[in-house]
>>> print(open('protein-v3.txt').read())   # compact mmCIF, C-alpha atoms
# COMPACT_ATOMS: atom_id res chain seq x y z
CA MET L 30 31.68 -35.84 -58.95
CA ALA L 31 35.18 -37.08 -59.71
CA THR L 32 37.91 -36.49 -57.19
CA VAL L 33 41.68 -36.84 -57.37
CA GLU L 34 43.65 -36.66 -54.13
CA LEU L 35 47.35 -36.04 -53.89
CA THR L 36 49.58 -35.95 -50.83
CA PHE L 37 53.21 -34.96 -50.93
CA SER L 38 56.09 -34.41 -48.53
CA ALA L 39 56.60 -30.77 -47.61
CA LEU L 40 59.48 -30.20 -49.98
CA PRO L 41 59.72 -27.21 -52.36
CA ALA L 42 60.67 -29.48 -55.25
CA HIS L 43 57.25 -31.18 -55.08
CA VAL L 44 55.30 -27.95 -55.55
CA ARG L 45 56.05 -27.98 -59.26
CA THR L 46 54.68 -31.54 -59.50
CA ALA L 47 51.50 -30.43 -57.73
CA ARG L 48 51.12 -27.53 -60.20
CA LEU L 49 51.53 -29.86 -63.17
CA VAL L 50 49.00 -32.37 -61.82
CA ALA L 51 46.47 -29.64 -61.06
CA THR L 52 46.85 -28.12 -64.52
CA ALA L 53 46.48 -31.50 -66.22
CA ILE L 54 43.30 -32.32 -64.29
CA ALA L 55 41.90 -28.82 -64.82
CA ARG L 56 42.36 -29.27 -68.57
CA ARG L 57 40.75 -32.70 -68.39
CA THR L 58 37.86 -31.24 -66.39
CA GLY L 59 37.17 -28.70 -69.10
CA VAL L 60 38.63 -25.51 -67.64
CA ALA L 61 39.19 -23.04 -70.48
CA GLU L 62 42.76 -22.83 -71.79
CA ALA L 63 42.83 -19.10 -71.01
CA ILE L 64 42.29 -19.84 -67.32
CA LEU L 65 44.78 -22.70 -66.95
CA ASP L 66 47.63 -20.31 -66.18
CA GLU L 67 45.61 -18.89 -63.30
CA VAL L 68 44.89 -22.37 -61.96
CA ARG L 69 48.58 -23.29 -62.18
CA LEU L 70 49.67 -20.17 -60.33
CA ALA L 71 46.97 -20.25 -57.65
CA VAL L 72 47.54 -23.93 -56.86
CA GLY L 73 51.30 -23.31 -56.79
CA GLU L 74 50.81 -20.42 -54.36
CA ALA L 75 48.63 -22.47 -52.03
CA CYS L 76 51.06 -25.40 -52.07
CA SER L 77 54.10 -23.13 -51.57
CA ARG L 78 52.44 -21.57 -48.54
CA ALA L 79 51.59 -24.99 -47.14
CA VAL L 80 55.12 -26.32 -47.69
CA GLU L 81 56.67 -23.31 -45.96
CA ALA L 82 54.24 -23.66 -43.03
CA HIS L 83 55.02 -27.38 -42.68
CA ARG L 84 58.76 -26.77 -42.78
CA LEU L 85 58.34 -24.44 -39.82
CA HIS L 86 55.88 -26.45 -37.76
CA CYS L 87 55.62 -30.07 -38.90
CA PRO L 88 58.15 -31.04 -41.61
CA GLY L 89 57.26 -34.72 -41.37
CA GLU L 90 53.59 -34.23 -42.23
CA PRO L 91 52.41 -34.34 -45.85
CA VAL L 92 50.47 -31.61 -47.63
CA ARG L 93 47.15 -32.69 -49.15
CA ILE L 94 45.41 -31.53 -52.31
CA GLU L 95 41.98 -32.53 -53.48
CA LEU L 96 40.92 -31.76 -57.03
CA ARG L 97 37.24 -32.09 -57.81
CA ASP L 98 35.06 -31.91 -60.87
CA ASP L 99 31.85 -30.68 -59.32
CA ALA L 100 28.80 -29.71 -61.39
CA GLY L 101 30.52 -27.45 -63.88
CA ARG L 102 33.17 -26.22 -61.44
CA PHE L 103 36.78 -27.30 -61.01
CA GLU L 104 37.49 -27.13 -57.30
CA VAL L 105 40.88 -27.41 -55.60
CA THR L 106 41.39 -27.70 -51.85
CA VAL L 107 44.89 -27.49 -50.36
CA THR L 108 45.08 -28.58 -46.72
CA ASP L 109 48.05 -28.28 -44.40
CA ALA L 110 48.59 -29.40 -40.82
CA ALA L 111 50.45 -26.35 -39.51
CA PRO L 112 48.70 -24.11 -36.97
CA SER L 113 47.68 -20.80 -38.53
CA GLU L 114 46.06 -17.56 -37.48
CA ASP L 115 43.75 -15.34 -39.48
CA VAL L 116 45.34 -14.00 -42.60
CA THR L 117 44.43 -10.90 -44.52
CA PRO L 118 45.37 -10.69 -48.17
CA GLN L 119 47.58 -7.68 -48.59
CA VAL L 120 48.51 -5.63 -51.61
CA LEU L 121 51.64 -3.58 -51.63
CA GLU L 122 51.18 0.15 -51.46
CA ALA L 123 52.85 2.40 -53.98
CA ASN L 124 54.20 4.96 -51.56
CA GLY L 125 57.82 4.38 -52.45
CA SER L 126 58.52 2.35 -49.35
CA LEU L 127 58.35 -1.40 -49.20
CA MET L 128 56.30 -3.30 -46.71
CA PRO L 129 58.49 -5.24 -44.30
CA GLU L 130 56.33 -8.34 -44.38
CA ILE L 131 55.06 -10.01 -47.49
CA ASP L 132 54.09 -13.31 -45.89
CA ASN L 133 50.53 -13.08 -47.18
CA LEU L 134 51.46 -12.09 -50.68
CA GLY L 135 50.66 -15.62 -51.82
CA ILE L 136 47.13 -15.36 -50.44
CA ALA L 137 46.76 -11.99 -52.19
CA VAL L 138 47.80 -13.59 -55.48
CA ILE L 139 45.33 -16.46 -55.00
CA ALA L 140 42.54 -14.01 -54.18
CA GLY L 141 43.35 -12.12 -57.37
CA LEU L 142 43.38 -15.24 -59.52
CA ALA L 143 40.73 -17.67 -58.39
CA ASP L 144 37.12 -17.16 -59.33
CA ASP L 145 36.00 -18.22 -55.87
CA VAL L 146 38.31 -18.51 -52.83
CA GLU L 147 37.81 -19.56 -49.24
CA VAL L 148 40.68 -19.42 -46.74
CA LEU L 149 40.02 -21.26 -43.51
CA PRO L 150 42.83 -20.91 -40.97
CA GLY L 151 42.77 -22.90 -37.74
CA PRO L 152 44.87 -24.30 -34.91
CA LYS L 153 45.13 -27.66 -36.70
CA GLY L 154 45.99 -26.25 -40.09
CA MET L 155 44.79 -24.11 -42.96
CA ARG L 156 42.46 -25.08 -45.76
CA ILE L 157 42.41 -23.07 -48.98
CA ARG L 158 39.55 -23.90 -51.31
CA MET L 159 39.35 -22.32 -54.73
CA SER L 160 37.34 -23.00 -57.82
CA TRP L 161 36.95 -22.05 -61.46
CA PRO L 162 34.26 -22.62 -64.08
CA ALA L 163 34.60 -25.79 -66.14
CA SER L 164 32.73 -27.55 -68.87
CA PRO L 165 29.88 -29.60 -67.30
CA HIS L 166 31.08 -32.73 -69.05
CA GLY L 167 34.81 -32.08 -68.99
CA ILE L 168 37.06 -32.35 -71.99
CA ALA L 169 34.82 -35.06 -73.47
CA ALA L 170 32.25 -32.37 -74.17
CA LEU L 171 34.64 -30.56 -76.53
CA MET R 24 61.85 -26.40 -66.56
CA ASP R 25 64.56 -25.46 -64.08
CA LEU R 26 66.00 -22.01 -63.56
CA LYS R 27 68.92 -20.67 -65.57
CA LEU R 28 70.71 -17.55 -64.40
CA ASP R 29 73.33 -15.46 -66.11
CA HIS R 30 74.60 -11.92 -65.68
CA HIS R 31 76.88 -9.39 -67.30
CA SER R 32 77.72 -5.75 -66.80
CA GLU R 33 77.36 -2.88 -69.22
CA ASP R 34 78.83 0.33 -67.88
CA ASN R 35 77.23 0.89 -64.49
CA LEU R 36 74.36 -1.53 -65.10
CA THR R 37 74.32 -5.24 -64.27
CA ILE R 38 71.92 -7.22 -66.43
CA VAL R 39 70.62 -10.45 -64.90
CA ASP R 40 69.15 -12.87 -67.44
CA VAL R 41 66.62 -15.27 -65.95
CA GLU R 42 65.19 -18.27 -67.79
CA GLY R 43 62.73 -20.90 -66.58
CA GLU R 44 60.54 -21.10 -63.50
CA ILE R 45 60.93 -18.95 -60.38
CA ASP R 46 59.10 -20.66 -57.55
CA VAL R 47 59.57 -21.81 -53.96
CA TYR R 48 62.14 -24.38 -55.13
CA THR R 49 64.26 -22.24 -57.45
CA ALA R 50 63.86 -18.72 -55.99
CA PRO R 51 66.66 -19.19 -53.40
CA ARG R 52 69.18 -19.38 -56.26
CA LEU R 53 68.01 -16.04 -57.63
CA ARG R 54 68.11 -14.58 -54.11
CA GLU R 55 71.70 -15.77 -53.66
CA LEU R 56 72.75 -14.26 -56.98
CA LEU R 57 71.17 -10.87 -56.21
CA ILE R 58 72.76 -10.80 -52.74
CA ASP R 59 76.12 -11.76 -54.20
CA LEU R 60 75.92 -9.03 -56.87
CA VAL R 61 75.05 -6.38 -54.28
CA ASN R 62 77.81 -7.58 -51.95
CA LYS R 63 80.24 -7.15 -54.85
CA GLY R 64 79.17 -3.55 -55.37
CA ASN R 65 76.63 -3.93 -58.19
CA PHE R 66 73.89 -1.54 -57.11
CA HIS R 67 72.09 -0.96 -60.43
CA LEU R 68 70.43 -4.19 -61.51
CA LEU R 69 68.22 -4.93 -64.49
CA VAL R 70 66.48 -8.31 -64.30
CA ASN R 71 65.54 -9.58 -67.75
CA MET R 72 62.48 -11.80 -67.33
CA GLU R 73 61.62 -12.31 -70.97
CA LYS R 74 62.41 -16.03 -70.77
CA VAL R 75 60.68 -16.65 -67.44
CA ASP R 76 57.91 -19.25 -67.84
CA PHE R 77 56.53 -19.06 -64.33
CA LEU R 78 56.76 -16.64 -61.41
CA ASP R 79 55.04 -16.93 -58.05
CA SER R 80 54.99 -14.84 -54.87
CA THR R 81 58.22 -16.41 -53.66
CA GLY R 82 59.90 -14.95 -56.73
CA LEU R 83 58.21 -11.62 -56.13
CA GLY R 84 59.56 -11.68 -52.59
CA VAL R 85 63.09 -12.27 -53.87
CA LEU R 86 62.80 -9.32 -56.27
CA VAL R 87 61.43 -7.09 -53.49
CA GLY R 88 64.29 -8.20 -51.24
CA GLY R 89 66.77 -7.34 -53.99
CA LEU R 90 65.17 -3.93 -54.42
CA LYS R 91 65.48 -3.22 -50.70
CA ARG R 92 69.15 -4.15 -50.78
CA VAL R 93 70.08 -1.95 -53.75
CA ARG R 94 68.02 0.96 -52.43
CA ALA R 95 70.11 0.84 -49.26
CA HIS R 96 73.00 1.82 -51.55
CA ASP R 97 70.99 4.36 -53.57
CA GLY R 98 70.80 1.79 -56.32
CA SER R 99 68.01 0.45 -58.51
CA LEU R 100 66.45 -2.86 -59.49
CA GLU R 101 64.29 -2.77 -62.57
CA LEU R 102 62.73 -5.39 -64.79
CA VAL R 103 62.34 -6.25 -68.44
CA CYS R 104 59.06 -8.07 -69.00
CA THR R 105 56.42 -8.11 -71.71
CA GLN R 106 54.69 -11.41 -70.95
CA GLU R 107 51.12 -10.80 -69.90
CA ARG R 108 50.98 -13.88 -67.63
CA ILE R 109 53.94 -12.54 -65.61
CA LEU R 110 52.84 -8.89 -65.66
CA LYS R 111 49.47 -9.95 -64.28
CA ILE R 112 51.10 -11.10 -61.02
CA PHE R 113 52.82 -7.73 -60.63
CA ARG R 114 49.50 -5.97 -61.23
CA ILE R 115 47.54 -8.11 -58.75
CA THR R 116 50.04 -7.34 -56.00
CA GLY R 117 50.48 -3.66 -56.85
CA LEU R 118 54.15 -4.18 -57.62
CA THR R 119 53.89 -2.53 -61.04
CA LYS R 120 54.07 0.72 -59.07
CA VAL R 121 57.15 -0.37 -57.16
CA PHE R 122 59.32 -1.71 -59.99
CA GLY R 123 60.30 0.02 -63.17
CA ILE R 124 59.18 -2.41 -65.88
CA TYR R 125 60.46 -2.05 -69.43
CA ALA R 126 59.69 -3.76 -72.72
CA SER R 127 63.34 -4.42 -73.59
CA VAL R 128 66.86 -4.12 -72.24
CA GLU R 129 67.50 -1.34 -74.73
CA GLU R 130 64.47 0.60 -73.52
CA ALA R 131 65.60 0.24 -69.91
CA LYS R 132 69.10 1.40 -70.76
CA GLU R 133 67.69 4.35 -72.66
CA ALA R 134 65.55 5.32 -69.70
CA HIS R 135 68.66 5.50 -67.60
CA GLY R 136 70.57 7.46 -70.17
CA ARG R 137 73.06 4.66 -70.42
CA ASP R 138 72.90 4.18 -74.18
CA LYS R 139 76.20 4.80 -75.76
>>> encode(input="protein-v3.txt", output="structure tokens")
Amino acid sequence: MATVELTFSALPAHVRTARLVATAIARRTGVAEAILDEVRLAVGEACSRAVEAHRLHCPGEPVRIELRDDAGRFEVTVTDAAPSEDVTPQVLEANGSLMPEIDNLGIAVIAGLADDVEVLPGPKGMRIRMSWPASPHGIAAL
Amino acid sequence: MDLKLDHHSEDNLTIVDVEGEIDVYTAPRLRELLIDLVNKGNFHLLVNMEKVDFLDSTGLGVLVGGLKRVRAHDGSLELVCTQERILKIFRITGLTKVFGIYASVEEAKEAHGRDK
């Protein structure tokens, strides 16, 4: 199991960097090219949510990402330190009216993109773990 | 890639050209532009997303916010988008049923009967 850890200040500008790093490691791990866009978007969503939560509750604390190559899976865990309650992924209804709150839209997008998602909210922060299939031996197997 | 924004008016329609990445960092600029256009009386907006490389839920939120604002004035906010990677996000969130999405600016204008 190979792991890369990244921590960054809760600034919106750093979310793009996190996306790029995650995409590069996913490619290296052997995630199929067709899925890389999904990885990029899902990791971006998780990091955006974490950054927004930190800006509200604990702007001085860093956001943490762990990227793991684990037995044929590429697993990403985004951990924040902002207190969170249960979240329910929501999808907008097509009744002509717009929902007033779209706070959980990011979670809905992640749930729609990642092959396997686990959202663990808690008083000390939220952990979003997601994973995708990868080549067992990474890019070297290609 | 950063975000590039431009806009011009054709008859009663304001076309907003967006290029680059719309995310938590850049989306505020798009939000400001849409608010500014509405405040200046532009209530029929067409957002051309053909050159958008990346869109996340923050960007979706800005578009939904823009739609709410123009609807308050009986206006419209529609999109031009053919990129599958971007359309997928609209589908996942159910927003394909909320926004009018066209394959080209010309097609959108035609749908509104604005072709000269």
>>> closest_residue(input="protein-v3.txt", among="L:Gly154, L:Gly135, L:Pro88, L:Pro165", to="chain R", atoms="all atoms listed in the file")
L:Gly135
>>> interface_residues(input="protein-v3.txt", of="chain R", to="chain L", cutoff="12 Å", atoms="only C-alpha atoms", output="PyMOL selection string")
chain R and resi 24-25+44-51+76-92+94-95+107-109+111-123
>>> residues_near_point(input="protein-v3.txt", point="(69.4, -7.6, -58.7)", cutoff="9 Å", atoms="all atoms listed in the file", output="list of chain:residue names")
R:Thr37, R:Ile38, R:Val39, R:Leu53, R:Arg54, R:Leu56, R:Leu57, R:Ile58, R:Leu60, R:Val61, R:Asn65, R:Phe66, R:His67, R:Leu68, R:Leu69, R:Val70, R:Leu86, R:Gly89, R:Leu90, R:Arg92, R:Val93, R:Ser99, R:Leu100, R:Glu101
>>> residues_around(input="protein-v3.txt", residues="L:Arg93", least_positions_apart="3", cutoff="10 Å", atoms="all atoms listed in the file", output="VMD selection string")
chain L and resid 34 to 39 47 76 79 90 106 to 110 156
>>> atom_distance(input="protein-v3.txt", atom1="atom CA of L:Leu49", atom2="atom CA of L:Val72")
9.5 Å
>>> residues_around(input="protein-v3.txt", residues="L:Met155", least_positions_apart="2", cutoff="8 Å", atoms="only C-alpha atoms", output="ChimeraX atom specification")
/L:108-113,148-151,153,157
>>> residues_around(input="protein-v3.txt", residues="R:Val41", least_positions_apart="3", cutoff="8 Å", atoms="only C-alpha atoms", output="ChimeraX atom specification")
/R:26-29,70-75
>>> write_last_selection(input="protein-v3.txt", atoms="C-alpha atoms", output="PDB file, in the coordinates of the input")
ATOM      1  CA  LEU R  26      66.000 -22.010 -63.560  1.00  0.00           C
ATOM      2  CA  LYS R  27      68.920 -20.670 -65.570  1.00  0.00           C
ATOM      3  CA  LEU R  28      70.710 -17.550 -64.400  1.00  0.00           C
ATOM      4  CA  ASP R  29      73.330 -15.460 -66.110  1.00  0.00           C
ATOM      5  CA  VAL R  70      66.480  -8.310 -64.300  1.00  0.00           C
ATOM      6  CA  ASN R  71      65.540  -9.580 -67.750  1.00  0.00           C
ATOM      7  CA  MET R  72      62.480 -11.800 -67.330  1.00  0.00           C
ATOM      8  CA  GLU R  73      61.620 -12.310 -70.970  1.00  0.00           C
ATOM      9  CA  LYS R  74      62.410 -16.030 -70.770  1.00  0.00           C
ATOM     10  CA  VAL R  75      60.680 -16.650 -67.440  1.00  0.00           C
TER      11      VAL R  75
END
>>> closest_residue(input="protein-v3.txt", among="L:Arg97, L:Gly89, L:Glu114, L:His166", to="L:Ala51", atoms="all atoms listed in the file")
L:Arg97
>>> atom_distance(input="protein-v3.txt", atom1="atom CA of L:Asp99", atom2="atom CA of L:Pro152")
28.4 Å
>>> atom_distance(input="protein-v3.txt", atom1="atom CA of L:Glu104", atom2="atom CA of L:Glu62")
16.0 Å
>>> decode(input="protein-v3.txt", residues="stretch 45-56 of chain L", atoms="all heavy atoms", output="mmCIF file, in the first residue's frame")
data_model
loop_
_atom_site.group_PDB
_atom_site.id
_atom_site.type_symbol
_atom_site.label_atom_id
_atom_site.label_comp_id
_atom_site.auth_asym_id
_atom_site.auth_seq_id
_atom_site.Cartn_x
_atom_site.Cartn_y
_atom_site.Cartn_z
ATOM 1 N N ARG L 45 -7.680 23.715 -6.390
ATOM 2 C CA ARG L 45 -7.244 23.308 -7.732
ATOM 3 C C ARG L 45 -5.960 22.471 -7.640
ATOM 4 O O ARG L 45 -5.803 21.458 -8.332
ATOM 5 C CB ARG L 45 -7.004 24.537 -8.608
ATOM 6 C CG ARG L 45 -6.577 24.187 -10.014
ATOM 7 C CD ARG L 45 -6.565 25.414 -10.916
ATOM 8 N NE ARG L 45 -6.341 25.035 -12.291
ATOM 9 C CZ ARG L 45 -5.140 25.059 -12.871
ATOM 10 N NH1 ARG L 45 -4.084 25.431 -12.188
ATOM 11 N NH2 ARG L 45 -5.018 24.697 -14.132
ATOM 12 N N THR L 46 -5.039 22.900 -6.775
ATOM 13 C CA THR L 46 -3.795 22.138 -6.582
ATOM 14 C C THR L 46 -4.107 20.718 -6.098
ATOM 15 O O THR L 46 -3.532 19.749 -6.587
ATOM 16 C CB THR L 46 -2.897 22.855 -5.544
ATOM 17 O OG1 THR L 46 -2.694 24.194 -5.976
ATOM 18 C CG2 THR L 46 -1.565 22.161 -5.399
ATOM 19 N N ALA L 47 -5.040 20.631 -5.152
ATOM 20 C CA ALA L 47 -5.416 19.308 -4.620
ATOM 21 C C ALA L 47 -5.999 18.428 -5.734
ATOM 22 O O ALA L 47 -5.707 17.233 -5.814
ATOM 23 C CB ALA L 47 -6.425 19.484 -3.491
ATOM 24 N N ARG L 48 -6.823 19.029 -6.587
ATOM 25 C CA ARG L 48 -7.403 18.274 -7.721
ATOM 26 C C ARG L 48 -6.298 17.742 -8.622
ATOM 27 O O ARG L 48 -6.334 16.586 -9.062
ATOM 28 C CB ARG L 48 -8.313 19.188 -8.555
ATOM 29 C CG ARG L 48 -9.646 19.509 -7.968
ATOM 30 C CD ARG L 48 -10.616 20.003 -9.038
ATOM 31 N NE ARG L 48 -10.140 21.078 -9.877
ATOM 32 C CZ ARG L 48 -10.410 22.367 -9.680
ATOM 33 N NH1 ARG L 48 -11.134 22.736 -8.646
ATOM 34 N NH2 ARG L 48 -9.970 23.282 -10.516
ATOM 35 N N LEU L 49 -5.333 18.618 -8.928
ATOM 36 C CA LEU L 49 -4.259 18.225 -9.848
ATOM 37 C C LEU L 49 -3.414 17.096 -9.255
ATOM 38 O O LEU L 49 -3.058 16.146 -9.952
ATOM 39 C CB LEU L 49 -3.378 19.447 -10.175
ATOM 40 C CG LEU L 49 -4.056 20.556 -10.975
ATOM 41 C CD1 LEU L 49 -3.139 21.768 -11.098
ATOM 42 C CD2 LEU L 49 -4.454 20.063 -12.366
ATOM 43 N N VAL L 50 -3.112 17.207 -7.968
ATOM 44 C CA VAL L 50 -2.307 16.175 -7.307
ATOM 45 C C VAL L 50 -3.072 14.844 -7.319
ATOM 46 O O VAL L 50 -2.520 13.792 -7.665
ATOM 47 C CB VAL L 50 -1.974 16.594 -5.848
ATOM 48 C CG1 VAL L 50 -1.376 15.426 -5.070
ATOM 49 C CG2 VAL L 50 -1.022 17.783 -5.842
ATOM 50 N N ALA L 51 -4.356 14.907 -6.965
ATOM 51 C CA ALA L 51 -5.155 13.678 -6.914
ATOM 52 C C ALA L 51 -5.242 13.026 -8.290
ATOM 53 O O ALA L 51 -5.135 11.796 -8.420
ATOM 54 C CB ALA L 51 -6.557 13.989 -6.388
ATOM 55 N N THR L 52 -5.417 13.827 -9.315
ATOM 56 C CA THR L 52 -5.518 13.284 -10.671
ATOM 57 C C THR L 52 -4.197 12.647 -11.099
ATOM 58 O O THR L 52 -4.179 11.560 -11.694
ATOM 59 C CB THR L 52 -5.915 14.389 -11.675
ATOM 60 O OG1 THR L 52 -7.076 15.050 -11.192
ATOM 61 C CG2 THR L 52 -6.204 13.808 -13.045
ATOM 62 N N ALA L 53 -3.097 13.314 -10.771
ATOM 63 C CA ALA L 53 -1.777 12.778 -11.147
ATOM 64 C C ALA L 53 -1.522 11.439 -10.455
ATOM 65 O O ALA L 53 -1.037 10.487 -11.077
ATOM 66 C CB ALA L 53 -0.694 13.789 -10.768
ATOM 67 N N ILE L 54 -1.866 11.355 -9.173
ATOM 68 C CA ILE L 54 -1.617 10.103 -8.439
ATOM 69 C C ILE L 54 -2.589 9.013 -8.898
ATOM 70 O O ILE L 54 -2.215 7.846 -8.997
ATOM 71 C CB ILE L 54 -1.697 10.357 -6.917
ATOM 72 C CG1 ILE L 54 -0.568 11.305 -6.524
ATOM 73 C CG2 ILE L 54 -1.609 9.048 -6.138
ATOM 74 C CD1 ILE L 54 -0.608 11.755 -5.097
ATOM 75 N N ALA L 55 -3.817 9.402 -9.202
ATOM 76 C CA ALA L 55 -4.784 8.417 -9.720
ATOM 77 C C ALA L 55 -4.265 7.805 -11.023
ATOM 78 O O ALA L 55 -4.323 6.591 -11.223
ATOM 79 C CB ALA L 55 -6.132 9.082 -9.948
ATOM 80 N N ARG L 56 -3.729 8.654 -11.879
ATOM 81 C CA ARG L 56 -3.183 8.157 -13.155
ATOM 82 C C ARG L 56 -2.011 7.217 -12.884
ATOM 83 O O ARG L 56 -1.912 6.148 -13.474
ATOM 84 C CB ARG L 56 -2.748 9.348 -14.020
ATOM 85 C CG ARG L 56 -2.202 8.945 -15.379
ATOM 86 C CD ARG L 56 -1.821 10.138 -16.228
ATOM 87 N NE ARG L 56 -2.996 10.770 -16.853
ATOM 88 C CZ ARG L 56 -3.383 12.019 -16.613
ATOM 89 N NH1 ARG L 56 -2.711 12.765 -15.774
ATOM 90 N NH2 ARG L 56 -4.444 12.518 -17.215
#
